[in-house]
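Visitor: So here's coords.cif, just mmCIF, C-alpha atoms:
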```cif
data_structure
loop_
_atom_site.label_atom_id
_atom_site.label_comp_id
_atom_site.auth_asym_id
_atom_site.auth_seq_id
_atom_site.Cartn_x
_atom_site.Cartn_y
_atom_site.Cartn_z
CA MET A 43 133.28 47.07 52.79
CA THR A 44 129.85 48.44 53.28
CA GLU A 45 126.90 47.74 51.03
CA GLY A 46 125.26 50.88 49.74
CA ARG A 47 128.36 52.91 48.97
CA SER A 48 128.79 53.63 45.30
CA HIS A 49 131.52 52.23 43.11
CA PHE A 50 133.41 55.47 42.66
CA VAL A 51 132.83 57.01 46.08
CA ARG A 52 134.60 53.98 47.48
CA HIS A 53 137.76 54.94 45.59
CA ARG A 54 138.00 58.51 46.76
CA ASP A 55 139.89 57.91 50.00
CA GLY A 56 142.23 55.53 48.21
CA SER A 57 142.59 53.42 51.32
CA GLU A 58 140.47 50.49 50.27
CA PRO A 59 141.00 48.66 46.99
CA PRO A 60 137.91 47.77 44.97
CA PRO A 61 136.59 44.29 45.74
CA SER A 62 137.57 41.42 43.46
CA ASP A 63 135.05 39.82 41.12
CA ALA A 64 134.91 36.79 43.41
CA GLU A 65 134.06 39.00 46.39
CA LEU A 66 131.40 40.84 44.43
CA LEU A 67 129.83 37.63 43.19
CA ALA A 68 129.74 36.26 46.73
CA ARG A 69 127.97 39.42 47.91
CA CYS A 70 125.56 39.23 44.99
CA ARG A 71 124.69 35.65 45.96
CA ALA A 72 123.93 36.99 49.43
CA GLY A 73 121.58 39.61 47.94
CA GLY A 74 123.91 42.62 48.00
CA ALA A 75 122.40 45.19 45.65
CA ALA A 76 125.41 47.52 45.87
CA ALA A 77 127.73 44.63 44.91
CA TRP A 78 125.54 43.91 41.89
CA ASP A 79 125.64 47.57 40.91
CA THR A 80 129.44 47.60 41.21
CA LEU A 81 129.75 44.42 39.16
CA VAL A 82 127.48 45.79 36.42
CA GLY A 83 129.40 49.08 36.51
CA ARG A 84 132.67 47.21 36.13
CA TYR A 85 131.68 45.17 33.09
CA GLU A 86 128.72 46.84 31.36
CA ARG A 87 130.97 48.72 28.94
CA LEU A 88 132.88 45.56 28.08
CA VAL A 89 129.67 43.65 27.35
CA PHE A 90 128.11 46.56 25.45
CA THR A 91 131.26 46.99 23.36
CA VAL A 92 131.48 43.29 22.57
CA ALA A 93 127.89 43.42 21.35
CA LEU A 94 128.52 46.50 19.21
CA ARG A 95 131.70 44.96 17.80
CA ASN A 96 129.61 42.01 16.69
CA GLY A 97 127.71 44.24 14.33
CA VAL A 98 124.42 44.95 16.11
CA SER A 99 122.69 48.33 16.55
CA ARG A 100 123.05 50.45 19.68
CA GLU A 101 119.52 49.50 20.75
CA ASP A 102 120.22 45.81 20.27
CA ALA A 103 123.56 46.15 22.05
CA ALA A 104 121.69 47.64 25.03
CA ASP A 105 119.31 44.66 25.01
CA ILE A 106 122.22 42.23 24.73
CA THR A 107 123.96 43.91 27.66
CA GLN A 108 120.83 43.45 29.74
CA SER A 109 120.26 39.86 28.71
CA THR A 110 123.91 38.99 29.36
CA PHE A 111 123.73 40.27 32.94
CA VAL A 112 120.37 38.59 33.45
CA ALA A 113 122.08 35.36 32.34
CA LEU A 114 124.70 36.07 34.99
CA LEU A 115 121.92 36.47 37.56
CA ASP A 116 120.55 33.10 36.46
CA ALA A 117 123.98 31.53 36.74
CA LEU A 118 125.12 33.18 39.99
CA ASP A 119 125.06 29.94 41.94
CA ARG A 120 126.58 27.88 39.16
CA ILE A 121 129.61 29.96 38.23
CA ARG A 122 132.60 28.08 39.57
CA ASP A 123 135.58 30.05 38.34
CA ASP A 124 134.80 33.53 39.62
CA GLU A 125 138.07 34.97 38.37
CA ARG A 126 137.19 34.24 34.74
CA LEU A 127 134.09 36.42 34.81
CA PRO A 128 135.18 38.73 31.94
CA SER A 129 135.55 35.83 29.53
CA TRP A 130 132.24 34.33 30.71
CA LEU A 131 130.47 37.64 30.06
CA MET A 132 132.16 38.11 26.70
CA THR A 133 131.22 34.63 25.57
CA VAL A 134 127.56 35.09 26.53
CA ALA A 135 127.45 38.56 24.96
CA ARG A 136 128.90 37.30 21.68
CA ARG A 137 126.49 34.40 21.61
CA ASN A 138 123.54 36.76 22.24
CA ALA A 139 124.81 39.11 19.54
CA TRP A 140 125.03 36.31 16.98
CA ARG A 141 121.49 35.32 17.85
CA VAL A 142 120.24 38.91 17.38
CA ARG A 143 122.15 39.29 14.13
CA GLY A 144 120.76 36.00 12.88
CA ALA A 145 117.23 37.12 13.69
CA SER A 146 117.65 40.54 12.10
CA ARG A 147 119.12 38.97 8.95
CA ARG A 148 116.06 36.79 8.61
CA GLU A 149 113.79 39.84 9.06
CA VAL A 150 115.83 41.89 6.63
CA SER A 151 115.76 39.20 3.95
CA LEU A 152 111.98 39.19 4.14
CA ASP A 153 111.97 42.93 3.46
CA GLY A 154 114.32 42.51 0.55
CA VAL A 155 116.66 45.17 1.94
CA GLU A 156 120.39 44.79 1.77
CA ASP A 157 122.00 43.76 5.03
CA VAL A 158 124.69 46.29 5.84
CA ALA A 159 125.71 44.76 9.16
CA HIS A 160 129.19 43.38 9.06
CA GLU A 161 131.58 41.79 11.49
CA PRO A 162 134.28 44.33 12.27
CA THR A 163 137.77 42.97 12.42
CA VAL A 164 138.45 42.30 16.06
CA ASP A 165 141.29 40.25 17.46
CA TRP A 166 139.05 38.47 19.98
CA GLU A 167 141.87 36.35 21.32
CA THR A 168 143.87 39.41 22.34
CA TYR A 169 140.72 41.18 23.55
CA LEU A 170 139.86 38.24 25.78
CA ALA A 171 143.42 37.82 27.05
CA LEU A 172 143.60 41.50 27.86
CA HIS A 173 140.36 41.64 29.79
CA GLU A 174 141.11 38.42 31.64
CA ALA A 175 144.45 39.89 32.64
CA LEU A 176 142.77 43.12 33.74
CA GLY A 177 140.35 41.04 35.80
CA GLN A 178 143.25 39.18 37.36
CA LEU A 179 145.02 42.49 38.04
CA GLY A 180 141.91 43.75 39.82
CA GLY A 181 141.81 46.53 42.41
CA ASN A 182 142.65 50.15 41.74
CA CYS A 183 145.14 49.11 39.05
CA ARG A 184 142.42 47.60 36.90
CA GLU A 185 140.19 50.63 37.38
CA LEU A 186 142.99 53.04 36.51
CA LEU A 187 144.16 51.22 33.38
CA VAL A 188 140.60 50.84 32.09
CA ALA A 189 140.01 54.56 32.67
CA LEU A 190 143.28 55.58 31.02
CA TYR A 191 143.37 53.28 28.02
CA PHE A 192 139.84 52.06 27.31
CA ASP A 193 137.46 54.80 28.40
CA PRO A 194 136.29 56.82 25.38
CA ALA A 195 135.68 59.78 27.73
CA GLU A 196 139.47 59.96 28.26
CA PRO A 197 139.38 61.30 31.83
CA SER A 198 142.17 63.73 32.72
CA TYR A 199 144.83 63.02 35.32
CA ALA A 200 143.08 65.61 37.52
CA GLN A 201 139.79 63.73 37.30
CA LEU A 202 141.54 60.43 37.98
CA ALA A 203 143.42 61.93 40.93
CA GLN A 204 140.09 62.93 42.45
CA ARG A 205 138.52 59.57 41.72
CA PHE A 206 141.38 57.61 43.27
CA GLY A 207 142.05 59.99 46.14
CA ARG A 208 145.61 60.71 45.03
CA SER A 209 147.66 63.69 43.93
CA ILE A 210 147.82 64.41 40.21
CA GLY A 211 151.55 63.70 40.39
CA GLY A 212 150.82 60.26 41.81
CA ILE A 213 148.76 59.08 38.85
CA GLY A 214 151.68 58.74 36.40
CA PRO A 215 153.83 56.48 38.62
CA MET A 216 150.74 54.49 39.61
CA ARG A 217 149.86 53.81 35.99
CA GLY A 218 153.45 52.76 35.34
CA ARG A 219 153.43 50.23 38.14
CA CYS A 220 149.98 48.97 37.17
CA LEU A 221 150.86 48.57 33.51
CA ASP A 222 154.07 46.79 34.43
CA ARG A 223 152.04 44.36 36.54
CA LEU A 224 149.64 43.82 33.65
CA ARG A 225 152.61 43.06 31.42
CA SER A 226 153.79 40.45 33.90
CA ILE A 227 150.36 38.82 33.89
CA LEU A 228 150.00 38.92 30.12
CA GLY A 229 153.55 37.91 29.36
CA GLU A 230 155.87 40.00 27.25
CA GLU A 231 154.88 38.44 23.95
CA THR A 232 151.13 39.09 24.08
CA PHE A 233 150.99 42.03 21.68
CA LEU A 234 154.16 41.39 19.72
CA MET B 81 173.77 48.53 29.81
CA SER B 82 173.20 46.90 33.20
CA GLU B 83 169.75 46.37 34.71
CA ASP B 84 170.54 49.10 37.28
CA GLN B 85 171.26 51.70 34.62
CA SER B 86 168.39 50.74 32.35
CA PRO B 87 165.41 53.14 32.59
CA SER B 88 162.48 52.03 34.73
CA PHE B 89 159.24 50.80 33.18
CA THR B 90 157.51 54.04 34.22
CA ASP B 91 160.27 56.15 32.65
CA LEU B 92 159.90 54.22 29.42
CA LEU B 93 156.11 54.60 29.56
CA ASP B 94 156.43 58.35 30.18
CA TRP B 95 158.78 58.56 27.22
CA VAL B 96 156.46 56.65 24.87
CA GLU B 97 153.50 58.79 25.97
CA GLY B 98 155.42 62.07 25.73
CA ARG B 99 155.26 62.74 29.46
CA ALA B 100 158.95 62.35 30.30
CA ASP B 101 160.88 65.42 31.47
CA GLU B 102 164.12 66.33 29.72
CA THR B 103 166.36 64.34 32.04
CA VAL B 104 164.30 61.16 31.76
CA ALA B 105 163.85 61.59 28.03
CA ALA B 106 167.62 61.93 27.57
CA ARG B 107 168.26 58.82 29.67
CA VAL B 108 165.71 56.78 27.74
CA ALA B 109 167.00 58.04 24.40
CA ALA B 110 170.52 57.08 25.43
CA ALA B 111 169.39 53.58 26.42
CA ILE B 112 167.49 53.09 23.19
CA GLY B 113 170.41 54.48 21.20
CA ALA B 114 172.78 52.07 22.95
CA GLY B 115 170.59 49.14 21.97
CA ASP B 116 169.44 48.32 25.52
CA GLN B 117 167.44 45.17 24.74
CA ARG B 118 165.36 45.32 27.92
CA ALA B 119 164.34 48.93 27.24
CA LEU B 120 163.68 48.22 23.57
CA GLY B 121 161.49 45.23 24.46
CA ILE B 122 159.45 47.24 26.96
CA VAL B 123 159.02 50.17 24.58
CA GLU B 124 157.80 47.82 21.86
CA TRP B 125 155.39 46.13 24.30
CA ILE B 126 154.02 49.49 25.47
CA ARG B 127 153.50 50.66 21.90
CA SER B 128 151.74 47.44 20.98
CA PHE B 129 149.57 47.61 24.08
CA ARG B 130 148.56 51.18 23.27
CA ARG B 131 147.74 50.22 19.68
CA SER B 132 145.59 47.32 20.85
CA ALA B 133 143.88 49.44 23.51
CA ALA B 134 143.09 52.15 20.95
CA GLN B 135 141.40 49.53 18.76
CA MET B 136 139.44 48.22 21.70
CA ALA B 137 138.12 51.42 23.25
CA MET B 138 134.95 50.65 25.13
CA ALA B 139 131.58 52.27 24.51
CA THR B 140 129.26 53.25 27.32
CA PRO B 141 125.76 51.76 27.30
CA PRO B 142 122.75 54.00 27.88
CA PRO B 143 121.89 54.58 31.58
CA LEU B 144 118.62 52.71 31.02
CA VAL B 145 120.62 49.45 31.04
CA ARG B 146 121.93 50.03 34.57
CA GLN B 147 118.50 51.09 35.81
CA ASN B 148 116.85 47.97 34.37
CA LEU B 149 119.52 45.70 35.79
CA ARG B 150 119.14 47.21 39.27
CA LEU B 151 115.45 46.51 39.02
CA GLN B 152 116.01 42.96 37.76
CA PHE B 153 118.34 42.22 40.65
CA ALA B 154 115.94 43.62 43.25
CA ARG B 155 113.07 41.61 41.79
CA ARG B 156 115.14 38.45 41.61
CA MET B 157 116.27 38.77 45.21
CA ALA B 158 112.68 39.42 46.29
CA GLY B 159 111.63 36.27 44.46
CA GLU B 160 109.44 38.19 42.03
CA LEU B 161 108.98 37.15 38.44
CA ALA B 162 110.24 39.55 35.78
CA VAL B 163 106.90 40.31 34.15
CA ALA B 164 106.50 43.30 31.85
CA PRO B 165 103.93 45.77 33.23
CA ASP B 166 100.54 45.99 31.58
CA PHE B 167 100.00 49.01 29.37
CA VAL B 168 97.96 51.91 30.67
CA ASP B 169 96.26 53.98 27.97
CA GLY B 170 97.11 57.67 28.08
CA GLU B 171 94.22 60.09 27.93
CA LEU B 172 94.82 63.18 25.84
CA ALA B 173 94.55 66.09 28.28
CA PHE B 174 95.97 68.82 26.06
CA ASP B 175 96.55 69.26 22.33
CA SER B 176 97.78 72.67 21.22
CA ARG B 177 96.15 72.20 17.79
CA ARG B 178 92.77 71.88 19.43
CA ASP B 179 93.03 73.81 22.69
CA LEU B 180 94.92 76.87 21.48
CA SER B 181 92.59 77.13 18.55
CA ARG B 182 89.65 77.13 20.93
CA ALA B 183 91.33 79.79 23.02
CA GLY B 184 91.94 81.89 19.93
CA THR B 185 95.74 81.83 20.26
CA ARG B 186 96.51 79.14 17.68
CA GLY B 187 97.85 81.51 15.04
CA ALA B 188 100.37 83.10 17.35
CA SER B 189 102.00 79.95 18.59
CA SER B 190 101.62 77.17 16.08
CA ASP B 191 104.25 77.46 13.35
CA ALA B 192 107.44 78.16 15.28
CA ASP B 193 106.52 76.28 18.41
CA GLY B 194 105.28 73.04 16.89
CA VAL B 195 102.51 70.97 18.42
CA HIS B 196 102.32 70.17 22.12
CA LEU B 197 100.45 67.27 23.66
CA MET B 198 99.89 66.06 27.18
CA PHE B 199 98.63 62.58 27.99
CA ARG B 200 97.44 61.72 31.47
CA THR B 201 97.42 58.41 33.31
CA ALA B 202 97.37 57.56 37.00
CA PRO B 203 101.01 56.43 37.16
CA ALA B 204 102.50 59.09 34.84
CA ASP B 205 101.86 62.10 32.64
CA VAL B 206 103.57 62.26 29.27
CA LEU B 207 104.43 65.57 27.60
CA ILE B 208 105.16 65.54 23.87
CA ASP B 209 106.49 68.27 21.58
CA LEU B 210 106.23 67.70 17.83
CA TYR B 211 108.09 69.70 15.19
CA PRO B 212 107.79 69.32 11.41
CA MET B 213 111.03 68.19 9.76
CA ASP B 214 109.96 67.49 6.20
CA PRO B 215 106.80 66.28 4.42
CA GLN B 216 107.47 62.71 5.62
CA THR B 217 108.75 63.11 9.16
CA VAL B 218 108.46 65.05 12.41
CA ARG B 219 110.77 65.40 15.39
CA LEU B 220 109.36 64.16 18.67
CA ASP B 221 110.67 65.29 22.07
CA GLY B 222 108.98 63.73 25.07
CA ARG B 223 109.12 63.67 28.82
CA VAL B 224 107.53 61.30 31.30
CA LEU B 225 106.55 62.67 34.69
CA ALA B 226 105.96 59.71 36.96
CA SER B 227 103.51 60.23 39.81
CA ASP B 228 105.71 58.20 42.17
CA ALA B 229 108.87 60.19 42.83
CA ALA B 230 110.67 56.97 43.76
CA ALA B 231 109.90 55.32 40.40
CA PRO B 232 112.84 54.52 38.08
CA PRO B 233 113.23 57.82 36.19
CA ILE B 234 114.60 56.61 32.84
CA PHE B 235 112.11 55.50 30.20
CA GLU B 236 112.49 53.58 26.97
CA ALA B 237 110.28 54.94 24.21
CA ILE B 238 108.89 53.15 21.17
CA VAL B 239 107.08 54.64 18.18
CA LEU B 240 104.94 52.34 16.08
CA ALA B 241 104.15 53.04 12.44
CA PRO B 242 102.51 50.61 10.03
CA GLU B 243 105.83 49.47 8.55
CA ARG B 244 108.30 50.63 11.16
CA ARG B 245 109.11 50.42 14.82
CA LEU B 246 111.49 53.02 16.29
CA ARG B 247 113.11 52.76 19.69
CA ASP B 248 114.90 55.27 21.87
CA VAL B 249 116.95 53.63 24.62
CA ASP B 250 118.86 56.81 25.41
CA GLY B 251 116.34 58.40 27.74
CA ASP B 252 117.75 60.45 30.60
CA GLU B 253 117.16 60.71 34.32
CA LEU B 254 114.66 63.52 33.80
CA GLY B 255 112.37 61.13 31.94
CA GLN B 256 113.16 62.77 28.60
CA PHE B 257 113.32 60.91 25.31
CA HIS B 258 113.73 61.93 21.72
CA PHE B 259 113.21 60.85 18.13
CA ASP B 260 114.69 62.82 15.22
CA GLN B 261 112.58 61.41 12.41
CA VAL B 262 109.21 59.94 13.17
CA PRO B 263 107.25 58.98 10.06
CA ARG B 264 104.02 60.92 9.78
CA ASP B 265 102.01 57.74 9.53
CA ALA B 266 103.09 56.69 13.05
CA THR B 267 100.10 55.66 15.10
CA GLU B 268 101.31 54.97 18.61
CA LEU B 269 103.88 55.95 21.22
CA GLN B 270 104.81 53.66 24.09
CA VAL B 271 106.99 54.48 27.10
CA THR B 272 108.11 52.13 29.83
CA ASN B 273 110.53 51.96 32.74
CA GLN B 274 109.69 48.29 33.40
CA VAL B 275 107.44 49.35 36.29
CA VAL B 276 105.02 51.57 34.39
CA ALA B 277 104.05 51.24 30.73
CA VAL B 278 101.97 53.88 28.99
CA ARG B 279 100.74 53.88 25.40
CA MET B 280 99.28 56.81 23.50
CA PRO B 281 97.79 57.31 20.06
CA LEU B 282 99.70 59.57 17.67
CA ASP B 283 98.28 61.68 14.87
CA LEU B 284 101.13 63.44 13.09
CA ALA B 285 99.54 64.12 9.71
CA ASP B 286 98.92 67.83 10.32
CA VAL B 287 102.00 68.75 12.36
CA ASP B 288 103.19 71.82 10.48
#
```
Rewrite the coordinates I just gave you, this time as structure tokens.
Guide:
Amino acid sequence: MTEGRSHFVRHRDGSEPPPSDAELLARCRAGGAAAWDTLVGRYERLVFTVALRNGVSREDAADITQSTFVALLDALDRIRDDERLPSWLMTVARRNAWRVRGASRREVSLDGVEDVAHEPTVDWETYLALHEALGQLGGNCRELLVALYFDPAEPSYAQLAQRFGRSIGGIGPMRGRCLDRLRSILGEETFL
Amino acid sequence: MSEDQSPSFTDLLDWVEGRADETVAARVAAAIGAGDQRALGIVEWIRSFRRSAAQMAMATPPPLVRQNLRLQFARRMAGELAVAPDFVDGELAFDSRRDLSRAGTRGASSDADGVHLMFRTAPADVLIDLYPMDPQTVRLDGRVLASDAAAPPIFEAIVLAPERRLRDVDGDELGQFHFDQVPRDATELQVTNQVVAVRMPLDLADVD
């Protein structure tokens, strides 16, 4: 794979699966800017969403997303289990969010204004299991399932066909096989 | 029902998501009706997965985040320290309240068009449009025009008022930023892309 090609352009010919997290981290350690960009592109929404779900503002969630990836930069050489990157990022993001919420609560109490931030009900265990399984799934399957089931933009099959270099008719069966593989990784009981 | 006759995972998924054609839908319905435990288990799993996914839809961070992280990585790999740039003070080069009045065109363009400002610095010019919203607030639309075409194009903007600090992290790749409700006692605007930082005084009392 060549540095400098963008995350989505790489998918268009469909012949080369996206690199694994471990591969991307190795390239990042070697100074690969395109690998870093792909890694950030892969997980920035997860980190941003985790921050938002922990009750911080959009601006703070943007800061937390940045600080979480900067922490990853700091830890690049220390991360041992590359395949557990999603849970590492989620843990750091949640910790950063708690810190920000703690700080804003202290500021708010000084102003005497009611704190309206609240912790939304999130099943973090399932969330973590799901994103770890998606990370383990990797490749085009991960990208497709994230696009189909987690992307608020809800891309159409036509858009996905273009992105993955496949016919529109090929997207349905592909999602079926990918979701079945995810179910195997997660185990049948995960959501039941 | 034997494993061979049981609908495939994809058929069951198509059925749950309303994408199955008539033949597949009939086959799945027959399997479900016959109490096919494998099919029932998969259908329940798919439904649960979709419920969980719907509750966990991901939000997209502002593009500024990606830009800043690209910059952080490049600096880190170059062995540079991540130091915030020093502020450059913007010099007011144009103020429609003052300059149009001097030119004798103030009356024709003030009310509907708001107030327009331009601040100049060596690294960037900043254009600002101000529109009255109510007696307490104004809308502020801004755009940063960096002198270096290769500079990161997205800017974070901050408005400082005596008791408040507003941030806009949703700037776009044209250097535009926006605040809906800036208090009229705001005194300063800051913009930065982590390479350039410009600050400008604000006087919003007579924006009308």
Visitor: When you count only C-alpha atoms, which of these residues is closest to chain A: B:Glu171, B:Trp95, B:Arg118, B:Pro142?
Guide: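 The shortest atom-to-atom distance to chain A comes from B:Pro142.
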Visitor: Using the chain letters and numbering of this document, enumerate as a PyMOL selection string the residues selected by the PyMOL selection byres ((chain B and resi 275) around 12).
Guide: chain B and resi 147-148+151-152+155+162-168+203-204+226+228+230-236+271-274+276-278
Visitor: Pick out the closest residue to chain B from this set: A:Pro197, A:Gly144, A:Gly180, A:Gly214. Count all atoms listed in the file.
Guide: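 Ranked by minimum distance to chain B, first place goes to A:Gly214.
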Visitor: Report the closest atom pair, with its distance in Å rounded to one decimal, for each residue of chain A that has an atom no farther than 7 Å from chain B; count all atoms listed in the file, sort by chain and then rising residue number, and write it as JSON lines.
Guide:
```
{"residue": "A:Gly73", "atom": "CA", "partner": "B:Met157", "partner_atom": "CA", "distance": 6.0}
{"residue": "A:Asp79", "atom": "CA", "partner": "B:Arg150", "partner_atom": "CA", "distance": 6.7}
{"residue": "A:Arg87", "atom": "CA", "partner": "B:Thr140", "partner_atom": "CA", "distance": 5.1}
{"residue": "A:Leu88", "atom": "CA", "partner": "B:Met138", "partner_atom": "CA", "distance": 6.2}
{"residue": "A:Phe90", "atom": "CA", "partner": "B:Pro141", "partner_atom": "CA", "distance": 6.0}
{"residue": "A:Thr91", "atom": "CA", "partner": "B:Ala139", "partner_atom": "CA", "distance": 5.4}
{"residue": "A:Glu101", "atom": "CA", "partner": "B:Val249", "partner_atom": "CA", "distance": 6.2}
{"residue": "A:Ala104", "atom": "CA", "partner": "B:Pro141", "partner_atom": "CA", "distance": 6.2}
{"residue": "A:Gln108", "atom": "CA", "partner": "B:Val145", "partner_atom": "CA", "distance": 6.1}
{"residue": "A:Tyr191", "atom": "CA", "partner": "B:Ala133", "partner_atom": "CA", "distance": 5.9}
{"residue": "A:Phe192", "atom": "CA", "partner": "B:Ala137", "partner_atom": "CA", "distance": 4.5}
{"residue": "A:Asp193", "atom": "CA", "partner": "B:Met138", "partner_atom": "CA", "distance": 5.8}
{"residue": "A:Pro194", "atom": "CA", "partner": "B:Ala137", "partner_atom": "CA", "distance": 6.1}
{"residue": "A:Pro215", "atom": "CA", "partner": "B:Thr90", "partner_atom": "CA", "distance": 6.2}
{"residue": "A:Gly218", "atom": "CA", "partner": "B:Thr90", "partner_atom": "CA", "distance": 4.4}
{"residue": "A:Arg219", "atom": "CA", "partner": "B:Thr90", "partner_atom": "CA", "distance": 6.8}
{"residue": "A:Asp222", "atom": "CA", "partner": "B:Phe89", "partner_atom": "CA", "distance": 6.7}
{"residue": "A:Glu230", "atom": "CA", "partner": "B:Trp125", "partner_atom": "CA", "distance": 6.8}
{"residue": "A:Phe233", "atom": "CA", "partner": "B:Ser128", "partner_atom": "CA", "distance": 5.5}
{"residue": "A:Leu234", "atom": "CA", "partner": "B:Ser128", "partner_atom": "CA", "distance": 6.6}
```
Visitor: Could you work out how far atom CA of Arg141 of chain A lies from atom CA of Val112 of chain A, giving the answer in Å with one decimal?
Guide: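 Distance between the two atoms: 16.0 Å.
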Visitor: In Å, with one decimal, what is the gap from atom CA of Leu115 of chain A to atom CA of Gly97 of chain A?
Guide: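 About the pair atom CA of Leu115 of chain A and atom CA of Gly97 of chain A: they are 25.2 Å apart.
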Visitor: Any idea what's packed within 12 Å of Asp214 of chain B, counting only C-alpha atoms, ignoring anything in its chain fewer than 2 positions away? Could you give it as a list in words?
Guide: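 Contacts, in chain order: Tyr211, Pro212, Gln216, Thr217, Val218, Arg219, Asp260, Gln261, Val262, Pro263, Arg264, Leu284, Ala285, Asp286, Val287 and Asp288 of chain B.
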Visitor: Taking into account all atoms listed in the file, which residue in the set A:Ser99, A:Ser129, A:Gln204, A:Ser209 is nearest to Gly177 of chain A?
Guide: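 Closest to Gly177 of chain A of all the choices is A:Ser129.
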Visitor: Would you kindly return, as a tab-separated table (two decimals) with C-alpha atoms, keeping the file's coordinate frame, each protein, DNA or RNA residue with an atom no farther than 6 Å from any atom of Arg279 of chain B, considering all atoms listed in the file and excluding same-chain residues fewer than 3 positions away?
Guide:
```tsv
chain	number	residue	atom	x	y	z
B	169	ASP	CA	96.26	53.98	27.97
B	170	GLY	CA	97.11	57.67	28.08
B	269	LEU	CA	103.88	55.95	21.22
B	270	GLN	CA	104.81	53.66	24.09
```
Visitor: In Å, with one decimal, what is the gap from atom CA of Glu253 of chain B to atom CA of Asp193 of chain B?
Guide: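 Computed distance, atom CA of Glu253 of chain B to atom CA of Asp193 of chain B, equals 24.7 Å.
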Visitor: Give me, as a compact mmCIF listing (two decimals) with C-alpha atoms, in the frame of the given file, all polymer residues having an atom no more than 12 Å from Ala109 of chain B, counting all atoms listed in the file and skipping those fewer than 2 positions away in the same chain.
Guide:
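Done, and the output landed in selection-v8.txt:
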```
# COMPACT_ATOMS: atom_id res chain seq x y z
CA SER B 86 168.39 50.74 32.35
CA PRO B 87 165.41 53.14 32.59
CA ASP B 91 160.27 56.15 32.65
CA LEU B 92 159.90 54.22 29.42
CA TRP B 95 158.78 58.56 27.22
CA VAL B 96 156.46 56.65 24.87
CA ALA B 100 158.95 62.35 30.30
CA ASP B 101 160.88 65.42 31.47
CA GLU B 102 164.12 66.33 29.72
CA THR B 103 166.36 64.34 32.04
CA VAL B 104 164.30 61.16 31.76
CA ALA B 105 163.85 61.59 28.03
CA ALA B 106 167.62 61.93 27.57
CA ARG B 107 168.26 58.82 29.67
CA ALA B 111 169.39 53.58 26.42
CA ILE B 112 167.49 53.09 23.19
CA GLY B 113 170.41 54.48 21.20
CA ALA B 114 172.78 52.07 22.95
CA GLY B 115 170.59 49.14 21.97
CA ASP B 116 169.44 48.32 25.52
CA ALA B 119 164.34 48.93 27.24
CA LEU B 120 163.68 48.22 23.57
CA VAL B 123 159.02 50.17 24.58
```
Visitor: Could you list the residues chosen by the PyMOL selection byres ((chain B and resi 242) around 12) in this structure as a compact mmCIF listing (two decimals) with C-alpha atoms, in the frame of the given file?
Guide:
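The result, written out as part.txt:
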```txt
# COMPACT_ATOMS: atom_id res chain seq x y z
CA VAL B 239 107.08 54.64 18.18
CA LEU B 240 104.94 52.34 16.08
CA ALA B 241 104.15 53.04 12.44
CA GLU B 243 105.83 49.47 8.55
CA ARG B 244 108.30 50.63 11.16
CA ARG B 245 109.11 50.42 14.82
CA LEU B 246 111.49 53.02 16.29
CA VAL B 262 109.21 59.94 13.17
CA PRO B 263 107.25 58.98 10.06
CA ARG B 264 104.02 60.92 9.78
CA ASP B 265 102.01 57.74 9.53
CA ALA B 266 103.09 56.69 13.05
CA THR B 267 100.10 55.66 15.10
CA GLU B 268 101.31 54.97 18.61
```
